[in-house]
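Note sheet for the following structure.
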Amino acid sequence: INKGLVKVQAGAVWGDVAEFLNRFHLVISSGDFGDTWVGGLSTSGGIGLLVRSFGLTIDHILAAKVITADGEIRSVDKDNEPDLFWAIRGGSSQIGLVTELLFQADKIEPENQYQCPITVQNIDFIIDDLESFVHKWGKWIDEA
Ligand SMILES: Cc1cc2nc3c(=O)[nH]c(=O)nc-3n(C[C@H](O)[C@H](O)[C@H](O)COP(=O)(O)OP(=O)(O)OC[C@H]3O[C@@H](n4cnc5c(N)ncnc54)[C@H](O)[C@@H]3O)c2cc1C
């Protein structure tokens, strides 16, 4: 855990993973909803609140156990069956059944005892000129 190496089984939900890792000030960039499962989100991408700082969930997978259609249980990483390792990071259920994943978690220090440095904010706009708004929005997102 000191090196941020985290093994998670596919049947866990991301909310539980985040809650557990929080004790160690660790995070794995995942979705912004706690009830999605590790299996599906990790094999399809994983875009969430931490994506700008830490990238996609699939960027953090170091190794996985996969059951392929021939019934074999395969341990894959960048050196062992690298094509299969590449394919599960986005290929999802087209490739096999992922049972377990090894992630490289990131360290995130709370600003104080109670506060995690993540802010979620809803912004409402009243739009008179949609076209101009969309252009300005695009520019703002580019610069954000
Ligand atoms: C309310 C909600 C909020 C969401 N928010 C986000 C978000 O913020 N960011 C984001 O990136 N995505 C988000 N998603 C999309 C989510 O990542 C995908 O729907 C994902 O596929 C869900 O995986 P699951 O295991 O929970 O679902 P399931 O319906 O169980 O699986 C979805 C797909 O993944 C395959 N699959 C599941 N487990 C495995 C496994 N172990 N091995 C191989 N294939 C498997 C299934 O066969 C199926 O094709 C959200 C979805 C919902 C419903």
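Identifiers in this document derive from the order of the structure tokens: chains are assigned A, B, ..., residues are numbered from 1 separately in each chain, and ligands are numbered from 1 in order of occurrence.
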
Could you list the protein, DNA and RNA residues that have any atom within 9 Å of ligand 1, counting only C-alpha atoms and all ligand atoms, and write them as a count of residues only? 41

Please, which residues of range 24-134 of chain A, numbered as in this document, come out strand (DSSP E or B) from DSSP, as a PyMOL selection string? chain A and resi 26-27+37+61-67+73-77+97-104+106-107

Please dump the current selection as a PDB file, in the first residue's frame; keep N, CA and C atoms.
```
ATOM      1  N   LEU A  26      -5.062   7.700  -0.732  1.00  0.00           N
ATOM      2  CA  LEU A  26      -4.833   7.209  -2.090  1.00  0.00           C
ATOM      3  C   LEU A  26      -6.111   7.342  -2.904  1.00  0.00           C
ATOM      4  N   VAL A  27      -5.955   7.535  -4.211  1.00  0.00           N
ATOM      5  CA  VAL A  27      -7.105   7.567  -5.108  1.00  0.00           C
ATOM      6  C   VAL A  27      -6.775   6.812  -6.391  1.00  0.00           C
ATOM      7  N   TRP A  37     -19.598  -0.673 -11.154  1.00  0.00           N
ATOM      8  CA  TRP A  37     -18.716  -1.779 -10.752  1.00  0.00           C
ATOM      9  C   TRP A  37     -17.330  -1.567 -11.341  1.00  0.00           C
ATOM     10  N   ILE A  61      -4.037   0.818 -14.805  1.00  0.00           N
ATOM     11  CA  ILE A  61      -4.017  -0.647 -14.678  1.00  0.00           C
ATOM     12  C   ILE A  61      -2.607  -1.158 -14.979  1.00  0.00           C
ATOM     13  N   LEU A  62      -2.033  -1.874 -14.028  1.00  0.00           N
ATOM     14  CA  LEU A  62      -0.687  -2.434 -14.216  1.00  0.00           C
ATOM     15  C   LEU A  62      -0.756  -3.897 -14.643  1.00  0.00           C
ATOM     16  N   ALA A  63      -1.791  -4.591 -14.219  1.00  0.00           N
ATOM     17  CA  ALA A  63      -1.919  -6.019 -14.530  1.00  0.00           C
ATOM     18  C   ALA A  63      -3.361  -6.444 -14.299  1.00  0.00           C
ATOM     19  N   ALA A  64      -3.712  -7.586 -14.884  1.00  0.00           N
ATOM     20  CA  ALA A  64      -5.086  -8.084 -14.698  1.00  0.00           C
ATOM     21  C   ALA A  64      -5.109  -9.603 -14.837  1.00  0.00           C
ATOM     22  N   LYS A  65      -6.145 -10.199 -14.258  1.00  0.00           N
ATOM     23  CA  LYS A  65      -6.444 -11.612 -14.497  1.00  0.00           C
ATOM     24  C   LYS A  65      -7.661 -11.659 -15.401  1.00  0.00           C
ATOM     25  N   VAL A  66      -7.540 -12.412 -16.488  1.00  0.00           N
ATOM     26  CA  VAL A  66      -8.612 -12.448 -17.482  1.00  0.00           C
ATOM     27  C   VAL A  66      -8.945 -13.903 -17.806  1.00  0.00           C
ATOM     28  N   ILE A  67     -10.236 -14.218 -17.851  1.00  0.00           N
ATOM     29  CA  ILE A  67     -10.656 -15.539 -18.336  1.00  0.00           C
ATOM     30  C   ILE A  67     -11.098 -15.362 -19.780  1.00  0.00           C
ATOM     31  N   ILE A  73      -7.389 -19.073 -17.564  1.00  0.00           N
ATOM     32  CA  ILE A  73      -7.217 -17.897 -16.707  1.00  0.00           C
ATOM     33  C   ILE A  73      -5.838 -17.334 -17.013  1.00  0.00           C
ATOM     34  N   ARG A  74      -5.783 -16.104 -17.499  1.00  0.00           N
ATOM     35  CA  ARG A  74      -4.503 -15.523 -17.943  1.00  0.00           C
ATOM     36  C   ARG A  74      -4.141 -14.317 -17.077  1.00  0.00           C
ATOM     37  N   SER A  75      -2.875 -14.281 -16.671  1.00  0.00           N
ATOM     38  CA  SER A  75      -2.358 -13.099 -15.974  1.00  0.00           C
ATOM     39  C   SER A  75      -1.678 -12.237 -17.010  1.00  0.00           C
ATOM     40  N   VAL A  76      -2.167 -11.026 -17.195  1.00  0.00           N
ATOM     41  CA  VAL A  76      -1.634 -10.179 -18.264  1.00  0.00           C
ATOM     42  C   VAL A  76      -1.066  -8.883 -17.693  1.00  0.00           C
ATOM     43  N   ASP A  77       0.021  -8.437 -18.297  1.00  0.00           N
ATOM     44  CA  ASP A  77       0.587  -7.122 -17.989  1.00  0.00           C
ATOM     45  C   ASP A  77       1.421  -6.702 -19.197  1.00  0.00           C
ATOM     46  N   LEU A  97     -13.363 -12.136 -19.581  1.00  0.00           N
ATOM     47  CA  LEU A  97     -13.931 -11.748 -18.290  1.00  0.00           C
ATOM     48  C   LEU A  97     -12.773 -11.383 -17.362  1.00  0.00           C
ATOM     49  N   VAL A  98     -12.707 -10.133 -16.987  1.00  0.00           N
ATOM     50  CA  VAL A  98     -11.641  -9.679 -16.087  1.00  0.00           C
ATOM     51  C   VAL A  98     -12.099  -9.946 -14.661  1.00  0.00           C
ATOM     52  N   THR A  99     -11.288 -10.687 -13.907  1.00  0.00           N
ATOM     53  CA  THR A  99     -11.708 -10.995 -12.531  1.00  0.00           C
ATOM     54  C   THR A  99     -10.991 -10.145 -11.503  1.00  0.00           C
ATOM     55  N   GLU A 100      -9.793  -9.672 -11.853  1.00  0.00           N
ATOM     56  CA  GLU A 100      -8.990  -8.960 -10.863  1.00  0.00           C
ATOM     57  C   GLU A 100      -8.069  -7.972 -11.568  1.00  0.00           C
ATOM     58  N   LEU A 101      -7.856  -6.819 -10.939  1.00  0.00           N
ATOM     59  CA  LEU A 101      -7.000  -5.795 -11.557  1.00  0.00           C
ATOM     60  C   LEU A 101      -6.006  -5.272 -10.533  1.00  0.00           C
ATOM     61  N   LEU A 102      -4.799  -5.015 -10.994  1.00  0.00           N
ATOM     62  CA  LEU A 102      -3.803  -4.359 -10.150  1.00  0.00           C
ATOM     63  C   LEU A 102      -3.659  -2.927 -10.641  1.00  0.00           C
ATOM     64  N   PHE A 103      -3.897  -1.984  -9.744  1.00  0.00           N
ATOM     65  CA  PHE A 103      -3.845  -0.569 -10.114  1.00  0.00           C
ATOM     66  C   PHE A 103      -2.660   0.125  -9.454  1.00  0.00           C
ATOM     67  N   GLN A 104      -2.167   1.147 -10.130  1.00  0.00           N
ATOM     68  CA  GLN A 104      -1.262   2.110  -9.496  1.00  0.00           C
ATOM     69  C   GLN A 104      -2.118   3.289  -9.041  1.00  0.00           C
ATOM     70  N   ASP A 106      -2.847   6.911  -7.014  1.00  0.00           N
ATOM     71  CA  ASP A 106      -2.131   8.171  -6.804  1.00  0.00           C
ATOM     72  C   ASP A 106      -2.332   8.644  -5.373  1.00  0.00           C
ATOM     73  N   LYS A 107      -1.366   9.408  -4.922  1.00  0.00           N
ATOM     74  CA  LYS A 107      -1.432   9.972  -3.563  1.00  0.00           C
ATOM     75  C   LYS A 107      -2.151  11.316  -3.649  1.00  0.00           C
TER      76      LYS A 107
END
```

Taking only C-alpha atoms into account, which of A:Asp59, A:Glu72, A:Glu111, A:Leu130 comes nearest Trp86 in chain A?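 Ranked by minimum distance to Trp86 in chain A, first place goes to A:Asp59.
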
Give me, as a ChimeraX atom specification, all polymer residues having an atom no more than 9 Å from Ile1 in chain A, counting only C-alpha atoms and skipping those fewer than 3 positions away in the same chain. /A:4-6,24,26

Would you save the residues of that selection, restricted to all heavy atoms, as a PDB file, in the first residue's frame?
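Below is the file that was written, result.pdb:
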```pdb
ATOM      1  N   GLY A   4       1.340   2.445  -3.323  1.00  0.00           N
ATOM      2  CA  GLY A   4       0.092   2.737  -4.035  1.00  0.00           C
ATOM      3  C   GLY A   4      -0.342   1.603  -4.947  1.00  0.00           C
ATOM      4  O   GLY A   4      -1.112   1.837  -5.887  1.00  0.00           O
ATOM      5  N   LEU A   5       0.128   0.376  -4.676  1.00  0.00           N
ATOM      6  CA  LEU A   5      -0.294  -0.757  -5.508  1.00  0.00           C
ATOM      7  C   LEU A   5      -1.556  -1.360  -4.901  1.00  0.00           C
ATOM      8  O   LEU A   5      -1.561  -1.769  -3.735  1.00  0.00           O
ATOM      9  CB  LEU A   5       0.810  -1.813  -5.569  1.00  0.00           C
ATOM     10  CG  LEU A   5       2.093  -1.343  -6.241  1.00  0.00           C
ATOM     11  CD1 LEU A   5       3.151  -2.435  -6.187  1.00  0.00           C
ATOM     12  CD2 LEU A   5       1.821  -0.957  -7.702  1.00  0.00           C
ATOM     13  N   VAL A   6      -2.619  -1.403  -5.694  1.00  0.00           N
ATOM     14  CA  VAL A   6      -3.924  -1.788  -5.156  1.00  0.00           C
ATOM     15  C   VAL A   6      -4.547  -2.856  -6.040  1.00  0.00           C
ATOM     16  O   VAL A   6      -4.727  -2.654  -7.245  1.00  0.00           O
ATOM     17  CB  VAL A   6      -4.871  -0.561  -5.105  1.00  0.00           C
ATOM     18  CG1 VAL A   6      -6.217  -0.939  -4.519  1.00  0.00           C
ATOM     19  CG2 VAL A   6      -4.244   0.581  -4.319  1.00  0.00           C
ATOM     20  N   PHE A  24      -5.851   5.866   3.333  1.00  0.00           N
ATOM     21  CA  PHE A  24      -4.406   5.918   3.054  1.00  0.00           C
ATOM     22  C   PHE A  24      -4.044   7.139   2.190  1.00  0.00           C
ATOM     23  O   PHE A  24      -2.937   7.234   1.690  1.00  0.00           O
ATOM     24  CB  PHE A  24      -3.974   4.627   2.336  1.00  0.00           C
ATOM     25  CG  PHE A  24      -4.402   3.395   3.063  1.00  0.00           C
ATOM     26  CD1 PHE A  24      -5.536   2.691   2.676  1.00  0.00           C
ATOM     27  CD2 PHE A  24      -3.682   2.940   4.164  1.00  0.00           C
ATOM     28  CE1 PHE A  24      -5.950   1.565   3.359  1.00  0.00           C
ATOM     29  CE2 PHE A  24      -4.091   1.811   4.859  1.00  0.00           C
ATOM     30  CZ  PHE A  24      -5.226   1.121   4.460  1.00  0.00           C
ATOM     31  N   LEU A  26      -5.062   7.700  -0.732  1.00  0.00           N
ATOM     32  CA  LEU A  26      -4.833   7.209  -2.090  1.00  0.00           C
ATOM     33  C   LEU A  26      -6.111   7.342  -2.904  1.00  0.00           C
ATOM     34  O   LEU A  26      -7.225   7.258  -2.352  1.00  0.00           O
ATOM     35  CB  LEU A  26      -4.411   5.736  -2.070  1.00  0.00           C
ATOM     36  CG  LEU A  26      -3.042   5.417  -1.479  1.00  0.00           C
ATOM     37  CD1 LEU A  26      -2.858   3.911  -1.377  1.00  0.00           C
ATOM     38  CD2 LEU A  26      -1.923   6.024  -2.330  1.00  0.00           C
TER      39      LEU A  26
END
```

Filtered DSSP result for range 22-97 of chain A, state alpha helix (DSSP H), as a list in words: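 These are the residues in question: Asn22, Val38, Gly39, Gly40, Leu41, Ser42, Val51, Arg52, Ser53, Phe54, Pro82, Asp83, Leu84, Phe85, Trp86, Ala87, Ile88, Arg89, Gly90 and Gly91 of chain A.
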
Suppose you want the space between CA of Gly15 in chain A and CA of Gly55 in chain A; what is it in Å? 18.1 Å

CA of Glu81 in chain A sits from CA of Ala69 in chain A at a separation of 15.2 Å
